[in-house]
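Just work17.cif here, mmCIF, C-alpha atoms:
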data_final
loop_
_atom_site.label_atom_id
_atom_site.label_comp_id
_atom_site.auth_asym_id
_atom_site.auth_seq_id
_atom_site.Cartn_x
_atom_site.Cartn_y
_atom_site.Cartn_z
CA MET J 1 9.53 -1.26 -4.02
CA GLY J 2 7.53 -1.68 -0.88
CA LEU J 3 6.13 -5.22 -0.66
CA MET J 4 6.35 -6.47 2.92
CA MET J 5 6.15 -10.16 3.78
CA GLY J 6 5.82 -10.60 7.52
CA GLU J 7 5.25 -14.27 6.77
CA GLY J 8 5.62 -16.39 3.67
CA LYS J 9 8.13 -15.75 0.90
CA PHE J 10 8.84 -13.65 -2.17
CA VAL J 11 8.12 -15.45 -5.44
CA GLY J 12 7.94 -14.85 -9.17
CA ARG J 13 4.95 -15.08 -11.49
CA GLU J 14 5.89 -18.61 -12.56
CA GLU J 15 5.59 -19.97 -9.03
CA ILE J 16 2.32 -18.11 -8.54
CA ALA J 17 0.94 -19.65 -11.74
CA ASN J 18 1.62 -23.10 -10.29
CA VAL J 19 -0.50 -22.52 -7.20
CA PRO J 20 -3.68 -24.62 -7.56
CA THR J 21 -7.01 -22.82 -7.30
CA PRO J 22 -9.54 -24.59 -5.06
CA ALA J 23 -12.97 -25.58 -6.30
CA GLY J 24 -15.63 -23.01 -5.61
CA THR J 25 -19.07 -23.32 -4.07
CA VAL J 26 -22.47 -21.87 -4.88
CA SER J 27 -21.67 -18.73 -2.90
CA TRP J 28 -17.88 -18.55 -3.25
CA HIS J 29 -15.95 -18.26 -6.54
CA PRO J 30 -12.19 -18.23 -5.93
CA VAL J 31 -10.01 -16.64 -8.61
CA ALA J 32 -6.53 -17.89 -9.47
CA HIS J 33 -3.76 -15.64 -8.16
CA GLY J 34 -2.25 -15.52 -11.62
CA ASP J 35 -5.54 -14.41 -13.15
CA VAL J 36 -5.75 -11.48 -10.73
CA ILE J 37 -2.22 -10.36 -11.64
CA ASP J 38 -2.79 -10.81 -15.38
CA THR J 39 -6.06 -8.88 -15.26
CA VAL J 40 -4.45 -5.95 -13.45
CA ALA J 41 -1.50 -5.95 -15.87
CA GLU J 42 -3.87 -5.88 -18.84
CA ALA J 43 -5.84 -2.95 -17.39
CA VAL J 44 -2.65 -1.03 -16.62
CA LYS J 45 -1.28 -1.51 -20.14
CA ALA J 46 -4.64 -0.48 -21.62
CA LYS J 47 -4.10 2.95 -20.01
CA ASN J 48 -0.65 3.12 -21.63
CA TRP J 49 1.09 2.82 -18.27
CA GLN J 50 4.38 0.98 -18.36
CA ILE J 51 5.05 -1.58 -15.62
CA LEU J 52 8.57 -0.82 -14.37
CA ASP J 53 8.91 -3.40 -11.59
CA GLU J 54 6.85 -6.14 -9.98
CA GLN J 55 7.15 -7.92 -6.64
CA TYR J 56 5.03 -10.83 -5.43
CA GLY J 57 4.80 -12.99 -2.37
CA LEU J 58 2.88 -16.04 -1.16
CA ALA J 59 1.86 -16.87 2.40
CA ARG J 60 0.07 -19.72 4.15
CA GLU J 61 1.37 -22.31 1.66
CA GLY J 62 0.10 -20.33 -1.30
CA GLN J 63 -3.34 -19.58 0.13
CA ARG J 64 -2.61 -15.83 0.20
CA MET J 65 -0.97 -13.73 -2.52
CA PHE J 66 0.37 -10.19 -2.23
CA GLY J 67 1.98 -8.03 -4.90
CA VAL J 68 3.12 -4.58 -5.93
CA MET J 69 3.40 -3.15 -9.44
CA ARG J 70 5.39 0.06 -9.96
CA VAL J 71 4.30 2.08 -13.00
CA ASN J 72 5.86 5.09 -14.66
CA ARG J 73 2.88 7.42 -15.04
CA SER J 74 3.30 10.26 -12.54
CA SER J 75 2.82 14.01 -12.24
CA SER J 76 6.35 14.43 -10.85
CA PRO J 77 9.70 12.82 -11.76
CA GLU J 78 10.30 12.21 -8.05
CA TRP J 79 7.44 9.75 -7.74
CA SER J 80 6.53 6.47 -9.22
CA ARG J 81 3.08 5.03 -8.78
CA CYS J 82 2.46 1.66 -7.17
CA ILE J 83 -0.53 -0.63 -7.27
CA GLY J 84 -0.92 -2.99 -4.35
CA ILE J 85 -2.59 -6.32 -5.09
CA ARG J 86 -3.87 -9.08 -2.85
CA ASN J 87 -5.93 -12.25 -3.18
CA SER J 88 -6.67 -15.37 -1.16
CA HIS J 89 -7.85 -18.94 -1.66
CA ASP J 90 -8.86 -19.45 1.98
CA GLN J 91 -11.55 -16.73 2.11
CA SER J 92 -9.42 -14.72 4.55
CA LEU J 93 -8.86 -11.76 2.19
CA ALA J 94 -10.97 -10.28 -0.55
CA VAL J 95 -9.51 -9.50 -3.94
CA GLY J 96 -8.03 -6.04 -3.35
CA LEU J 97 -6.28 -3.19 -5.14
CA ALA J 98 -4.82 -0.07 -3.56
CA ALA J 99 -2.94 2.99 -4.78
CA GLY J 100 0.47 3.90 -3.41
CA VAL J 101 3.32 6.33 -3.97
CA SER J 102 6.83 4.88 -4.01
CA VAL J 103 9.69 7.20 -3.12
CA MET J 104 12.32 5.83 -5.44
CA CYS J 105 15.32 6.87 -3.34
CA CYS J 106 14.36 4.57 -0.51
CA SER J 107 11.89 2.15 -2.13
CA ASN J 108 9.34 2.83 0.57
CA LEU J 109 5.70 2.24 -0.30
CA ALA J 110 2.98 4.15 1.50
CA PHE J 111 -0.53 2.96 0.79
CA GLY J 112 -3.15 5.66 0.52
CA GLY J 113 -6.82 5.93 -0.07
CA THR J 114 -9.08 2.91 0.19
CA MET J 115 -9.04 -0.54 -1.32
CA VAL J 116 -10.80 0.50 -4.49
CA LEU J 117 -11.48 -3.09 -5.51
CA HIS J 118 -12.73 -5.23 -2.67
CA ARG J 119 -14.71 -8.31 -3.68
CA ARG J 120 -15.03 -11.70 -1.98
CA HIS J 121 -17.21 -13.48 -4.51
CA THR J 122 -16.29 -12.77 -8.09
CA SER J 123 -15.84 -14.89 -11.18
CA ARG J 124 -12.93 -14.54 -13.60
CA ILE J 125 -15.25 -12.79 -16.10
CA GLU J 126 -16.56 -10.32 -13.51
CA LEU J 127 -13.02 -9.61 -12.34
CA GLY J 128 -12.05 -8.04 -15.67
CA ASP J 129 -14.77 -5.41 -15.54
CA LEU J 130 -14.11 -4.68 -11.87
CA VAL J 131 -10.37 -4.20 -12.39
CA VAL J 132 -10.87 -1.82 -15.31
CA GLU J 133 -13.20 0.28 -13.16
CA ALA J 134 -10.79 0.14 -10.21
CA VAL J 135 -7.78 1.26 -12.25
CA GLU J 136 -9.79 4.27 -13.40
CA GLU J 137 -10.47 5.13 -9.75
CA LEU J 138 -6.79 4.65 -8.89
CA GLU J 139 -5.93 7.62 -11.12
CA MET J 140 -7.63 9.97 -8.63
CA GLU J 141 -6.05 8.15 -5.69
CA PHE J 142 -2.59 8.73 -7.19
CA LEU J 143 -3.26 12.43 -7.75
CA ASN J 144 -4.48 12.83 -4.16
CA LEU J 145 -1.42 11.04 -2.80
CA GLU J 146 1.05 13.10 -4.82
CA THR J 147 -0.61 16.41 -3.96
CA VAL J 148 -0.74 15.67 -0.23
CA SER J 149 2.81 14.27 -0.21
CA GLU J 150 4.16 17.49 -1.72
CA ASP J 151 2.30 19.49 0.92
CA LEU J 152 3.69 17.35 3.75
CA LYS J 153 7.20 18.36 2.71
CA LEU J 154 6.43 22.03 3.28
CA HIS J 155 5.57 21.80 6.99
CA GLU J 156 8.26 21.52 9.65
CA VAL J 157 7.55 19.39 12.71
CA ARG J 158 8.95 20.18 16.16
CA PRO J 159 10.06 17.30 18.42
CA ASP J 160 7.20 17.82 20.89
CA GLU J 161 4.71 17.86 18.02
CA ALA J 162 6.19 14.66 16.60
CA ARG J 163 5.82 12.94 19.97
CA ALA J 164 2.17 13.96 20.20
CA VAL J 165 1.45 12.73 16.66
CA ILE J 166 3.04 9.34 17.28
CA VAL J 167 1.10 8.88 20.52
CA ARG J 168 -2.10 9.84 18.71
CA ALA J 169 -1.40 7.25 16.01
CA ALA J 170 -0.93 4.59 18.69
CA GLU J 171 -4.14 5.65 20.44
CA VAL J 172 -6.20 5.05 17.29
CA GLY J 173 -4.44 1.73 16.62
CA ALA J 174 -2.50 2.76 13.51
CA VAL J 175 0.76 1.62 15.14
CA ASN J 176 1.59 -0.49 18.16
CA SER J 177 2.22 1.36 21.40
CA CYS J 178 5.59 -0.39 21.74
CA ASP J 179 6.68 1.38 18.54
CA ILE J 180 6.21 4.92 19.87
CA VAL J 181 9.83 5.38 20.95
CA PRO J 182 11.39 3.61 17.92
CA ILE J 183 9.30 5.73 15.52
CA PHE J 184 10.36 8.92 17.30
CA ARG J 185 14.01 7.87 17.11
CA GLU J 186 13.63 7.13 13.40
CA PHE J 187 12.17 10.61 12.94
CA GLN J 188 15.09 12.21 14.80
CA LYS J 189 17.75 10.11 13.05
CA PRO J 190 16.26 8.64 9.87
CA CYS J 191 17.83 5.68 8.11
CA HIS J 192 17.66 7.55 4.81
CA GLU J 193 19.33 10.96 4.52
CA GLU J 194 16.57 12.14 2.19
CA PHE J 195 14.37 12.44 5.29
CA ALA J 196 16.83 14.41 7.40
CA GLU J 197 14.65 17.53 7.32
CA PRO J 198 12.11 17.38 10.20
CA THR J 199 8.93 17.65 8.12
CA ARG J 200 5.56 15.95 8.14
CA TRP J 201 6.78 13.91 5.17
CA SER J 202 9.77 12.69 7.17
CA LEU J 203 7.50 11.83 10.08
CA LEU J 204 5.28 9.76 7.78
CA ASN J 205 8.39 7.94 6.58
CA ALA J 206 9.35 7.17 10.19
CA PHE J 207 5.95 5.47 10.58
CA THR J 208 6.21 3.46 7.36
CA GLU J 209 9.76 2.34 8.16
CA HIS J 210 8.45 0.57 11.25
CA ALA J 211 5.34 -0.71 9.49
CA LYS J 212 7.64 -2.89 7.37
CA LYS J 213 7.94 -5.34 10.26
CA TYR J 214 4.16 -5.84 10.56
CA SER J 215 2.29 -8.77 9.08
CA PRO J 216 0.39 -7.95 5.86
CA GLY J 217 -2.90 -7.73 7.75
CA ARG J 218 -1.47 -5.48 10.47
CA ALA J 219 0.31 -3.34 7.88
CA ASP J 220 -3.00 -2.87 6.07
CA VAL J 221 -4.56 -1.50 9.27
CA CYS J 222 -1.50 0.69 9.83
CA TYR J 223 -1.57 2.25 6.37
CA ARG J 224 -5.30 2.84 6.52
CA GLY J 225 -4.85 4.64 9.84
CA LEU J 226 -1.94 6.73 8.55
CA THR J 227 -3.90 7.55 5.40
CA ARG J 228 -6.67 9.11 7.45
CA LEU J 229 -4.40 10.76 10.03
CA PHE J 230 -2.15 12.41 7.43
CA GLY J 231 -4.96 13.20 4.97
CA LEU J 232 -3.55 10.98 2.22
CA ASP J 233 -7.11 10.27 1.10
CA GLY J 234 -7.54 13.90 0.06
CA ASN J 235 -9.69 14.81 3.08
CA ARG J 236 -8.71 17.08 5.95
CA PRO J 237 -5.94 15.43 8.04
CA GLU J 238 -6.83 14.53 11.61
CA LEU J 239 -3.39 15.36 13.03
CA TRP J 240 -3.15 19.08 12.27
CA THR J 241 -5.55 21.99 12.32
CA ARG J 242 -3.61 24.17 9.91
#

Take the structure from the file and write it as structure tokens.
Amino acid sequence: MGLMMGEGKFVGREEIANVPTPAGTVSWHPVAHGDVIDTVAEAVKAKNWQILDEQYGLAREGQRMFGVMRVNRSSSPEWSRCIGIRNSHDQSLAVGLAAGVSVMCCSNLAFGGTMVLHRRHTSRIELGDLVVEAVEELEMEFLNLETVSEDLKLHEVRPDEARAVIVRAAEVGAVNSCDIVPIFREFQKPCHEEFAEPTRWSLLNAFTEHAKKYSPGRADVCYRGLTRLFGLDGNRPELWTR
């Protein structure tokens, strides 16, 4: 489905529910990991979206929680929509939601757009209203992602162009410079036959294949960079002029 755990472990909802929530302060109101997940699930079901799959993970002895929900509402049978979730009890990460498109044939999640919910200090009551608003915004993020993804499939990429794109991504910090050659090799000989055609979509997949090895924080930076470079946010892509 796309959840990457560079550290920590994959867990179920029951284990997450058993993680204690620390006491808050005047300026900091931590929210239980389970409450974040439940609130998102409630908002998703209120829009009549069916949750098909869920994956969750804990890191730093339960201080950080990451998750992905795959839902069935999509404009194309080829896609499923994914909602990325994160929360922390150590003030290292804000409560966050992001939209993603999961290519079902390879279970590869590409985050797009921005973290539409991004709050450090929020009570359980405030969280409900914020999540409802965020899920509404995610609808547009999904449409942008699906439209751009379809367009990426239509454009062929030559080897020299692919090299230049990968170097550019490394220059802006989206990927590590040591990954330039491995990403190019993945583009030339992809792990999944569905990406055998040398298109912009296949090139994006080559990037996300290698992003799987990054820590959650580094992967977040990577996906944000790729989102802007490939135009997954609905704005003009920075990599191509046509």

When the PyMOL selection byres ((chain J and resi 17-31) around 10) is applied to the file above, which residues end up in the set, as a VMD selection string?
chain J and resid 12 to 16 32 to 37 58 61 to 63 65 87 to 91 94 to 95 120 to 125 127

At most 12 Å from (7.3, -7.3, 7.0), file frame, all atoms listed in the file: which residues, as a list in words?
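Residues close enough to count: Gly2, Leu3, Met4, Met5, Gly6, Glu7, Gly8, Lys9, Phe10, Gly57, Ala59, Phe66, Thr208, Glu209, His210, Ala211, Lys212, Lys213, Tyr214, Ser215, Pro216, Gly217, Arg218, Ala219 and Asp220 of chain J.
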
Could you state the separation of atom CA of J:Leu232 and atom CA of J:Glu146 in Å, given to one decimal place?
8.7 Å

Once the PyMOL selection byres ((chain J and resi 173) around 10) has been applied to the shown file, what residues remain in the selection, as a ChimeraX atom specification?
/J:167-172,174-177,218,221-222,225-226

Using only C-alpha atoms, the shortest atom-to-atom distance to J:Ile166 among J:Phe207, J:Tyr223, J:Trp79, J:Trp240 belongs to J:Phe207

Exactly which residues make up the result of the PyMOL selection byres ((chain J and resi 97) around 6) on this file, given as number ranges by chain?
J: 84-85, 96, 98, 115-117

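Atom CA of J:Met140 sits 16.3 Å away from atom CA of J:Asn48.
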
Each side padded by 8 Å, which centre and which edge lengths in Å (one decimal) define the axis-aligned box around the listed atoms of stretch 82-101 of chain J? Give them as JSON.
{"center_x": -4.1, "center_y": -6.6, "center_z": -1.4, "size_x": 30.9, "size_y": 41.8, "size_z": 27.8}

Could you pull the residues within 10 Å of J:Leu154, counting all atoms listed in the file, minus those fewer than 4 positions along the same chain, as a compact mmCIF listing (two decimals) with C-alpha atoms, in the frame of the given file?
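Below you can see result.txt, which holds the result:
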# COMPACT_ATOMS: atom_id res chain seq x y z
CA SER J 149 2.81 14.27 -0.21
CA GLU J 150 4.16 17.49 -1.72
CA THR J 199 8.93 17.65 8.12
CA ARG J 200 5.56 15.95 8.14
CA TRP J 201 6.78 13.91 5.17

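In terms of minimum interatomic distance to J:Ala134, J:Val44 ranks closest within J:Val44, J:Ala196, J:Val148, J:Leu52, counting all atoms listed in the file.
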
For atom CA of J:Glu133 and atom CA of J:Asn72, determine how far apart the two atoms are, in Å to one decimal place.
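We find that atom CA of J:Glu133 and atom CA of J:Asn72 lie 19.7 Å from each other.
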
Compare J:Arg163, J:Arg228, J:Arg158, J:Arg185 by their minimum atom-to-atom distance to J:Leu145, counting all atoms listed in the file, and give me the closest one.
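Closest to J:Leu145 of all the choices is J:Arg228.
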
Measuring atom to atom with only C-alpha atoms, identify which of J:Val71, J:Gly112, J:Thr39, J:Ala46 is nearest to J:Glu126.
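Comparing J:Val71, J:Gly112, J:Thr39, J:Ala46 against J:Glu126, the winner is J:Thr39.
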
Out of J:Glu141, J:Asp53, J:Asp38, J:Asp129, which residue has the shortest atom-to-atom distance to J:Gly231 when counting all atoms listed in the file?
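Comparing J:Glu141, J:Asp53, J:Asp38, J:Asp129 against J:Gly231, the winner is J:Glu141.
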
Judged by all atoms listed in the file, the minimum distance to J:Thr114 among J:Arg70, J:Arg64, J:Lys189, J:Arg224 is found for J:Arg224
